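Q: First the structure, which I've put down as structure tokens, then a few questions once you've had a look.
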Amino acid sequence: MEPMETVMRSFAMRFGRAASIVVRAPGRVNLIGEHTDYNDGLVLPAAVARYVTIAAAPNASGVIRLRSSFYDAPAEFPAEAPASSSLPPWARYPQGVAVALSARGVMLRGLDLTIGGDLPIGAGLSSSAALEVASALVFEHGAGAALSPRERALVCHEAEVSFVGVPSGIMDQFASSLARAGHALFLDCRTLETHHIPLPGGVVIAVCDTVMRRAIGHSAYADRRRECAEALQWLRVHDRPLASLRDLTVDDLANAGDMPEPYVRRVRHVVTENARVIESARALEGGDLAALREIFAASHRSLRDDYEVSSRELDAMVEAAVEAPGCLAARMTGAGFGGAVVALVSRGNEEPFFAETARGYRRRTGREGTFFVSDAAEGARP
């Protein structure tokens with residue numbers, strides 16, 4: 001049974017009536033541009049055809065009631081005062097979206113929601129942003145409101161940072177909301193300017209999940225953000241009037257003076273990764289797929305050695321992927337500390353690629369990975 005049908009059936013079983021709206025929001029895989037978004041940098045994500053799906057219908061209680069196939073604990077909060085209830089961690093994401101929408105004057109109504117889908121949680125594919133964006137669509141529908149995809153992404157980012165308390169960048173919500181089928185999304189995280197880059201028809205996106213889970217709110221992610229902020233402050237104190245690390249160029253790295261560790265390595269990653277995003281975009285637009293292999297490899301090395309967010313399992317999965325048939329390029333994707341690897345694979349080679357990558361990963365780690373292939377998907381829609 002398709003995930004959408006499963007969620008609709010679950011709604012009917014839980015609430016005793018049919019859903020009146022079903023929405024889905026995709027996860028995203030970041031092709032390149034890791035840990036640059038919160039440094040005002042450049043990113044190049046694409047949506048994948050794995051979704052958080054929500055079935056919903058109005059109720060007359062004035063309460064928004066949440067049920068999830070991922071978690072046992074139900075949750076609810078009053079539509080007119082969404083911040084007033086203390087909810088389990090998973091439910092704070094839709095609750096935060098409700099709070100952000102309410103603050104913008106959206107008049108929320110009582111709703112029953114069932115949340116499901118086929119997007120893995122904790123795999124580095126941004127299930128939290130997909131949950132936020134899908135929730136926003138449902139709440140807007142219930143209120144008779146309609147935000148633009150860009151405004152919706154900003155609302156959801158505000159919910160995650162200000163309400164949930166996860167210091168994420170803007171990329172995930174933009175990718176889930178603004179993605180276009182068959183395209184990568186080039187996003188300037190300072191100006192929020194975007195443009196869509198077509199992906200070659202002969203290439204598919206392969207997601208290779210290490211099945212090593214991480215919780216971004218309890219990981220070293222916040223430490224990396226802090227280190228970047230401290231490095232920026234050090235540069236400012238030493239007569240470098242920068243708005244953000246985005247303002248540094250690769251040539252500037254040679255003149256960083258006696259910046260202490262680990263700041264040197266953190267800054268080097270951010271600066272060189274921004275350059276790699278531009279190189280990747282040019283390679284895709286010019287059809288130079290061969291160039292992507294070394295660009296992706298350099299990105300992974302930088303994340304492993306300079307930013308120190310890779311892991312034994314992620315390194316093993318990348319090594320296995322690049323040796324597999326049909327692999328054009330591979331690197332870890334997402335915040336790191338677990339999660340998944342993204343690979344670009346020649347269409348038609350999916351099965352031998354996955355078979356050999358699985359064998360290589362098992363041989364290196366003794367673990368079983370999980371794999372799926374996707375074309376670049378459309379952003380969130382009813």
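Ordering of the structure tokens sets the chain letters (A, B, ...); residue numbers start at 1 within each chain; ligands are numbered from 1 in the order shown.
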Could you pull out the strand (DSSP E or B) residues of stretch 144-209 of chain A from DSSP and send them as a PyMOL selection string?
A: chain A and resi 183-188+194-198+203-209
Q: Can you write out the residues you just picked, keeping all heavy atoms, as a CSV table (one decimal), in the first residue's frame?
A:
chain,number,residue,atom,x,y,z
A,183,HIS,N,15.3,18.9,-10.7
A,183,HIS,CA,16.3,20.0,-10.5
A,183,HIS,C,16.9,20.0,-9.1
A,183,HIS,O,16.3,19.5,-8.2
A,183,HIS,CB,15.6,21.4,-10.7
A,183,HIS,CG,15.1,21.7,-12.0
A,183,HIS,ND1,14.0,21.0,-12.6
A,183,HIS,CD2,15.5,22.6,-13.0
A,183,HIS,CE1,13.8,21.5,-13.8
A,183,HIS,NE2,14.7,22.4,-14.1
A,184,ALA,N,18.1,20.5,-9.0
A,184,ALA,CA,18.7,20.9,-7.7
A,184,ALA,C,18.3,22.3,-7.5
A,184,ALA,O,18.1,23.1,-8.4
A,184,ALA,CB,20.2,20.7,-7.8
A,185,LEU,N,18.3,22.7,-6.2
A,185,LEU,CA,18.0,24.1,-5.8
A,185,LEU,C,19.3,24.8,-5.3
A,185,LEU,O,19.8,24.5,-4.3
A,185,LEU,CB,17.0,24.1,-4.7
A,185,LEU,CG,16.6,25.4,-4.1
A,185,LEU,CD1,15.7,26.2,-5.1
A,185,LEU,CD2,15.8,25.3,-2.8
A,186,PHE,N,19.7,25.7,-6.1
A,186,PHE,CA,20.9,26.5,-5.7
A,186,PHE,C,20.4,27.7,-4.8
A,186,PHE,O,19.5,28.5,-5.3
A,186,PHE,CB,21.6,27.1,-6.9
A,186,PHE,CG,22.9,27.9,-6.6
A,186,PHE,CD1,24.1,27.2,-6.7
A,186,PHE,CD2,22.9,29.2,-6.2
A,186,PHE,CE1,25.3,27.9,-6.4
A,186,PHE,CE2,24.0,29.9,-5.9
A,186,PHE,CZ,25.2,29.2,-6.0
A,187,LEU,N,20.8,27.7,-3.6
A,187,LEU,CA,20.3,28.7,-2.6
A,187,LEU,C,21.5,29.5,-2.0
A,187,LEU,O,22.4,28.9,-1.5
A,187,LEU,CB,19.5,27.9,-1.5
A,187,LEU,CG,19.2,28.7,-0.2
A,187,LEU,CD1,18.2,29.9,-0.6
A,187,LEU,CD2,18.6,27.8,0.8
A,188,ASP,N,21.3,30.8,-2.1
A,188,ASP,CA,22.3,31.7,-1.4
A,188,ASP,C,21.6,32.0,0.0
A,188,ASP,O,20.6,32.6,0.1
A,188,ASP,CB,22.4,33.0,-2.2
A,188,ASP,CG,23.4,33.9,-1.6
A,188,ASP,OD1,23.5,34.0,-0.3
A,188,ASP,OD2,24.1,34.6,-2.3
A,194,THR,N,17.3,32.1,-5.1
A,194,THR,CA,17.4,30.7,-5.5
A,194,THR,C,17.3,30.7,-7.0
A,194,THR,O,16.8,31.6,-7.7
A,194,THR,CB,16.2,29.9,-5.0
A,194,THR,OG1,15.0,30.5,-5.5
A,194,THR,CG2,16.1,29.9,-3.4
A,195,HIS,N,17.9,29.6,-7.6
A,195,HIS,CA,17.6,29.2,-8.9
A,195,HIS,C,17.7,27.7,-9.1
A,195,HIS,O,18.4,27.1,-8.3
A,195,HIS,CB,18.4,30.0,-10.0
A,195,HIS,CG,19.8,29.6,-10.0
A,195,HIS,ND1,20.8,30.2,-9.3
A,195,HIS,CD2,20.4,28.7,-10.8
A,195,HIS,CE1,22.0,29.7,-9.6
A,195,HIS,NE2,21.8,28.7,-10.5
A,196,HIS,N,16.9,27.2,-10.0
A,196,HIS,CA,16.9,25.7,-10.2
A,196,HIS,C,17.8,25.3,-11.3
A,196,HIS,O,17.8,25.9,-12.4
A,196,HIS,CB,15.4,25.3,-10.5
A,196,HIS,CG,14.5,25.6,-9.3
A,196,HIS,ND1,13.8,26.8,-9.2
A,196,HIS,CD2,14.1,24.8,-8.3
A,196,HIS,CE1,13.1,26.7,-8.1
A,196,HIS,NE2,13.2,25.5,-7.5
A,197,ILE,N,18.6,24.3,-11.0
A,197,ILE,CA,19.6,23.7,-11.9
A,197,ILE,C,19.1,22.4,-12.4
A,197,ILE,O,19.0,21.4,-11.6
A,197,ILE,CB,21.0,23.6,-11.3
A,197,ILE,CG1,21.4,25.0,-10.9
A,197,ILE,CG2,21.9,23.0,-12.3
A,197,ILE,CD1,22.8,25.0,-10.2
A,198,PRO,N,18.8,22.2,-13.7
A,198,PRO,CA,18.4,20.8,-14.1
A,198,PRO,C,19.4,19.8,-13.9
A,198,PRO,O,20.6,20.0,-14.1
A,198,PRO,CB,18.1,21.0,-15.6
A,198,PRO,CG,18.0,22.5,-15.8
A,198,PRO,CD,18.9,23.2,-14.8
A,203,VAL,N,21.1,10.6,-14.9
A,203,VAL,CA,21.7,10.5,-13.6
A,203,VAL,C,20.5,10.4,-12.6
A,203,VAL,O,19.5,11.1,-12.7
A,203,VAL,CB,22.5,11.7,-13.2
A,203,VAL,CG1,23.0,11.7,-11.8
A,203,VAL,CG2,23.8,11.8,-14.1
A,204,VAL,N,20.7,9.5,-11.6
A,204,VAL,CA,19.7,9.4,-10.5
A,204,VAL,C,20.5,9.7,-9.2
A,204,VAL,O,21.7,9.5,-9.1
A,204,VAL,CB,19.1,8.0,-10.4
A,204,VAL,CG1,18.2,7.8,-11.6
A,204,VAL,CG2,20.1,6.9,-10.3
A,205,ILE,N,19.7,10.0,-8.2
A,205,ILE,CA,20.2,10.3,-6.8
A,205,ILE,C,20.1,9.0,-6.0
A,205,ILE,O,19.0,8.5,-5.9
A,205,ILE,CB,19.5,11.5,-6.2
A,205,ILE,CG1,19.7,12.7,-7.0
A,205,ILE,CG2,20.0,11.7,-4.7
A,205,ILE,CD1,18.8,13.9,-6.5
A,206,ALA,N,21.2,8.5,-5.5
A,206,ALA,CA,21.1,7.3,-4.6
A,206,ALA,C,21.4,7.8,-3.2
A,206,ALA,O,22.4,8.5,-2.9
A,206,ALA,CB,22.2,6.3,-5.1
A,207,VAL,N,20.6,7.3,-2.3
A,207,VAL,CA,20.8,7.6,-0.9
A,207,VAL,C,21.2,6.3,-0.2
A,207,VAL,O,20.5,5.3,-0.3
A,207,VAL,CB,19.5,8.2,-0.2
A,207,VAL,CG1,19.7,8.4,1.3
A,207,VAL,CG2,19.1,9.5,-0.9
A,208,CYS,N,22.3,6.3,0.5
A,208,CYS,CA,22.9,5.1,1.1
A,208,CYS,C,22.9,5.4,2.6
A,208,CYS,O,23.8,6.1,3.1
A,208,CYS,CB,24.3,4.9,0.6
A,208,CYS,SG,24.4,4.9,-1.3
A,209,ASP,N,22.0,4.8,3.3
A,209,ASP,CA,21.8,5.1,4.7
A,209,ASP,C,22.7,4.1,5.6
A,209,ASP,O,22.6,2.9,5.4
A,209,ASP,CB,20.3,4.9,5.1
A,209,ASP,CG,20.0,5.3,6.5
A,209,ASP,OD1,20.9,5.7,7.2
A,209,ASP,OD2,18.8,5.3,6.8
Q: Can you tell me which residues surround A:Ala123 at a distance of at most 10 Å, considering only C-alpha atoms, apart from same-chain residues fewer than 5 positions away, and format the answer as a ChimeraX atom specification?
A: /A:29,207-215,333-336,338-341
Q: Would you kindly return, as a PyMOL selection string, each protein, DNA or RNA residue with an atom no farther than 7 Å from any atom of stretch 140-142 of chain A, considering only C-alpha atoms and excluding same-chain residues fewer than 2 positions away?
A: chain A and resi 58+108-109+136-138+144-146
Q: Could you save those same residues with all heavy atoms as an mmCIF file, in the first residue's frame?
A:
data_model
loop_
_atom_site.group_PDB
_atom_site.id
_atom_site.type_symbol
_atom_site.label_atom_id
_atom_site.label_comp_id
_atom_site.auth_asym_id
_atom_site.auth_seq_id
_atom_site.Cartn_x
_atom_site.Cartn_y
_atom_site.Cartn_z
ATOM 1 N N PRO A 58 -11.074 18.899 9.874
ATOM 2 C CA PRO A 58 -11.462 19.800 10.967
ATOM 3 C C PRO A 58 -12.225 19.062 12.053
ATOM 4 O O PRO A 58 -12.873 18.042 11.813
ATOM 5 C CB PRO A 58 -12.358 20.829 10.270
ATOM 6 C CG PRO A 58 -12.081 20.687 8.810
ATOM 7 C CD PRO A 58 -11.689 19.262 8.595
ATOM 8 N N LEU A 108 -5.862 29.845 13.515
ATOM 9 C CA LEU A 108 -5.883 28.390 13.492
ATOM 10 C C LEU A 108 -7.235 27.852 13.945
ATOM 11 O O LEU A 108 -7.922 28.464 14.763
ATOM 12 C CB LEU A 108 -4.772 27.837 14.381
ATOM 13 C CG LEU A 108 -3.347 28.272 14.026
ATOM 14 C CD1 LEU A 108 -2.367 27.701 15.042
ATOM 15 C CD2 LEU A 108 -2.966 27.831 12.621
ATOM 16 N N ARG A 109 -7.588 26.687 13.434
ATOM 17 C CA ARG A 109 -8.846 26.034 13.786
ATOM 18 C C ARG A 109 -8.558 24.630 14.331
ATOM 19 O O ARG A 109 -7.491 24.067 14.111
ATOM 20 C CB ARG A 109 -9.735 25.917 12.538
ATOM 21 C CG ARG A 109 -10.040 27.243 11.868
ATOM 22 C CD ARG A 109 -11.023 28.062 12.697
ATOM 23 N NE ARG A 109 -11.416 29.275 11.978
ATOM 24 C CZ ARG A 109 -11.194 30.509 12.421
ATOM 25 N NH1 ARG A 109 -10.574 30.685 13.565
ATOM 26 N NH2 ARG A 109 -11.592 31.551 11.720
ATOM 27 N N ALA A 136 2.582 22.976 8.221
ATOM 28 C CA ALA A 136 2.177 24.322 7.821
ATOM 29 C C ALA A 136 1.088 24.273 6.751
ATOM 30 O O ALA A 136 0.096 25.021 6.824
ATOM 31 C CB ALA A 136 3.386 25.099 7.310
ATOM 32 N N LEU A 137 1.247 23.402 5.775
ATOM 33 C CA LEU A 137 0.227 23.276 4.733
ATOM 34 C C LEU A 137 -1.137 22.893 5.314
ATOM 35 O O LEU A 137 -2.176 23.442 4.923
ATOM 36 C CB LEU A 137 0.659 22.232 3.705
ATOM 37 C CG LEU A 137 1.612 22.686 2.610
ATOM 38 C CD1 LEU A 137 2.194 21.490 1.880
ATOM 39 C CD2 LEU A 137 0.905 23.606 1.626
ATOM 40 N N VAL A 138 -1.136 21.962 6.253
ATOM 41 C CA VAL A 138 -2.390 21.536 6.865
ATOM 42 C C VAL A 138 -3.003 22.659 7.684
ATOM 43 O O VAL A 138 -4.210 22.928 7.597
ATOM 44 C CB VAL A 138 -2.146 20.286 7.741
ATOM 45 C CG1 VAL A 138 -3.356 20.013 8.636
ATOM 46 C CG2 VAL A 138 -1.864 19.078 6.873
ATOM 47 N N GLY A 144 -7.915 28.515 6.172
ATOM 48 C CA GLY A 144 -8.289 29.238 4.960
ATOM 49 C C GLY A 144 -7.223 30.216 4.517
ATOM 50 O O GLY A 144 -7.522 31.224 3.861
ATOM 51 N N ALA A 145 -5.972 29.939 4.861
ATOM 52 C CA ALA A 145 -4.850 30.803 4.490
ATOM 53 C C ALA A 145 -4.001 30.101 3.442
ATOM 54 O O ALA A 145 -4.093 28.892 3.248
ATOM 55 C CB ALA A 145 -4.006 31.142 5.715
ATOM 56 N N ALA A 146 -3.151 30.872 2.761
ATOM 57 C CA ALA A 146 -2.276 30.300 1.739
ATOM 58 C C ALA A 146 -0.996 31.120 1.670
ATOM 59 O O ALA A 146 -0.972 32.203 1.072
ATOM 60 C CB ALA A 146 -2.963 30.257 0.379
#
Q: For A:Gly201, which residue among A:Ala243, A:Ala103, A:Leu284, A:Ile295 is the nearest when counting only C-alpha atoms?
A: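 Result for the nearest residue to A:Gly201: A:Leu284.
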Q: Give me, as a PyMOL selection string, the residues of stretch 193-259 of chain A that a backbone DSSP run labels alpha helix (DSSP H).
A: chain A and resi 221-237
Q: Atoms to include: N, CA, C and O atoms. Write the selected residues as a JSON list (two decimals), in the first residue's frame.
A:
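Generated file (selection_12.json):
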[["chain", "number", "residue", "atom", "x", "y", "z"],
["A", 221, "TYR", "N", 26.56, 19.27, 16.54],
["A", 221, "TYR", "CA", 26.15, 20.30, 15.59],
["A", 221, "TYR", "C", 26.24, 21.68, 16.23],
["A", 221, "TYR", "O", 26.79, 22.63, 15.65],
["A", 222, "ALA", "N", 25.68, 21.81, 17.43],
["A", 222, "ALA", "CA", 25.70, 23.12, 18.10],
["A", 222, "ALA", "C", 27.14, 23.55, 18.39],
["A", 222, "ALA", "O", 27.45, 24.75, 18.35],
["A", 223, "ASP", "N", 28.02, 22.59, 18.68],
["A", 223, "ASP", "CA", 29.42, 22.94, 18.91],
["A", 223, "ASP", "C", 30.06, 23.53, 17.66],
["A", 223, "ASP", "O", 30.85, 24.48, 17.74],
["A", 224, "ARG", "N", 29.74, 22.96, 16.49],
["A", 224, "ARG", "CA", 30.32, 23.49, 15.26],
["A", 224, "ARG", "C", 29.81, 24.90, 14.99],
["A", 224, "ARG", "O", 30.57, 25.77, 14.55],
["A", 225, "ARG", "N", 28.54, 25.15, 15.23],
["A", 225, "ARG", "CA", 28.02, 26.50, 15.06],
["A", 225, "ARG", "C", 28.73, 27.47, 16.00],
["A", 225, "ARG", "O", 29.09, 28.59, 15.59],
["A", 226, "ARG", "N", 28.92, 27.06, 17.23],
["A", 226, "ARG", "CA", 29.61, 27.91, 18.19],
["A", 226, "ARG", "C", 31.04, 28.18, 17.74],
["A", 226, "ARG", "O", 31.52, 29.33, 17.82],
["A", 227, "GLU", "N", 31.74, 27.16, 17.27],
["A", 227, "GLU", "CA", 33.12, 27.34, 16.83],
["A", 227, "GLU", "C", 33.21, 28.30, 15.66],
["A", 227, "GLU", "O", 34.14, 29.12, 15.58],
["A", 228, "CYS", "N", 32.25, 28.22, 14.73],
["A", 228, "CYS", "CA", 32.23, 29.16, 13.61],
["A", 228, "CYS", "C", 32.01, 30.59, 14.10],
["A", 228, "CYS", "O", 32.65, 31.53, 13.62],
["A", 229, "ALA", "N", 31.09, 30.76, 15.06],
["A", 229, "ALA", "CA", 30.83, 32.09, 15.60],
["A", 229, "ALA", "C", 32.06, 32.63, 16.32],
["A", 229, "ALA", "O", 32.40, 33.83, 16.20],
["A", 230, "GLU", "N", 32.76, 31.77, 17.05],
["A", 230, "GLU", "CA", 33.96, 32.21, 17.76],
["A", 230, "GLU", "C", 35.09, 32.53, 16.79],
["A", 230, "GLU", "O", 35.86, 33.49, 17.01],
["A", 231, "ALA", "N", 35.19, 31.75, 15.71],
["A", 231, "ALA", "CA", 36.21, 32.06, 14.69],
["A", 231, "ALA", "C", 35.93, 33.40, 14.04],
["A", 231, "ALA", "O", 36.86, 34.19, 13.79],
["A", 232, "LEU", "N", 34.66, 33.67, 13.75],
["A", 232, "LEU", "CA", 34.30, 34.96, 13.17],
["A", 232, "LEU", "C", 34.66, 36.09, 14.12],
["A", 232, "LEU", "O", 35.20, 37.13, 13.69],
["A", 233, "GLN", "N", 34.37, 35.91, 15.40],
["A", 233, "GLN", "CA", 34.71, 36.95, 16.37],
["A", 233, "GLN", "C", 36.21, 37.15, 16.45],
["A", 233, "GLN", "O", 36.70, 38.29, 16.56],
["A", 234, "TRP", "N", 36.99, 36.08, 16.40],
["A", 234, "TRP", "CA", 38.45, 36.19, 16.42],
["A", 234, "TRP", "C", 38.93, 37.01, 15.23],
["A", 234, "TRP", "O", 39.80, 37.88, 15.37],
["A", 235, "LEU", "N", 38.38, 36.75, 14.06],
["A", 235, "LEU", "CA", 38.78, 37.50, 12.87],
["A", 235, "LEU", "C", 38.43, 38.97, 13.00],
["A", 235, "LEU", "O", 39.20, 39.85, 12.59],
["A", 236, "ARG", "N", 37.27, 39.26, 13.58],
["A", 236, "ARG", "CA", 36.87, 40.65, 13.75],
["A", 236, "ARG", "C", 37.80, 41.38, 14.72],
["A", 236, "ARG", "O", 38.20, 42.53, 14.47],
["A", 237, "VAL", "N", 38.16, 40.71, 15.79],
["A", 237, "VAL", "CA", 39.08, 41.31, 16.77],
["A", 237, "VAL", "C", 40.44, 41.59, 16.14],
["A", 237, "VAL", "O", 41.11, 42.57, 16.47]]
Q: Compare A:Arg17, A:Arg50, A:Arg364, A:Arg276 by their minimum atom-to-atom distance to A:Glu319, counting only C-alpha atoms, and give me the closest one.
A: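 Ranked by minimum distance to A:Glu319, first place goes to A:Arg364.
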Q: Residues at most 6 Å from A:Ser346, counting only C-alpha atoms, excluding those fewer than 2 positions away in the same chain, as a list in words?
A: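 Non-adjacent residues within range: Gly202, Val203, Gly326 and Asn349 of chain A.
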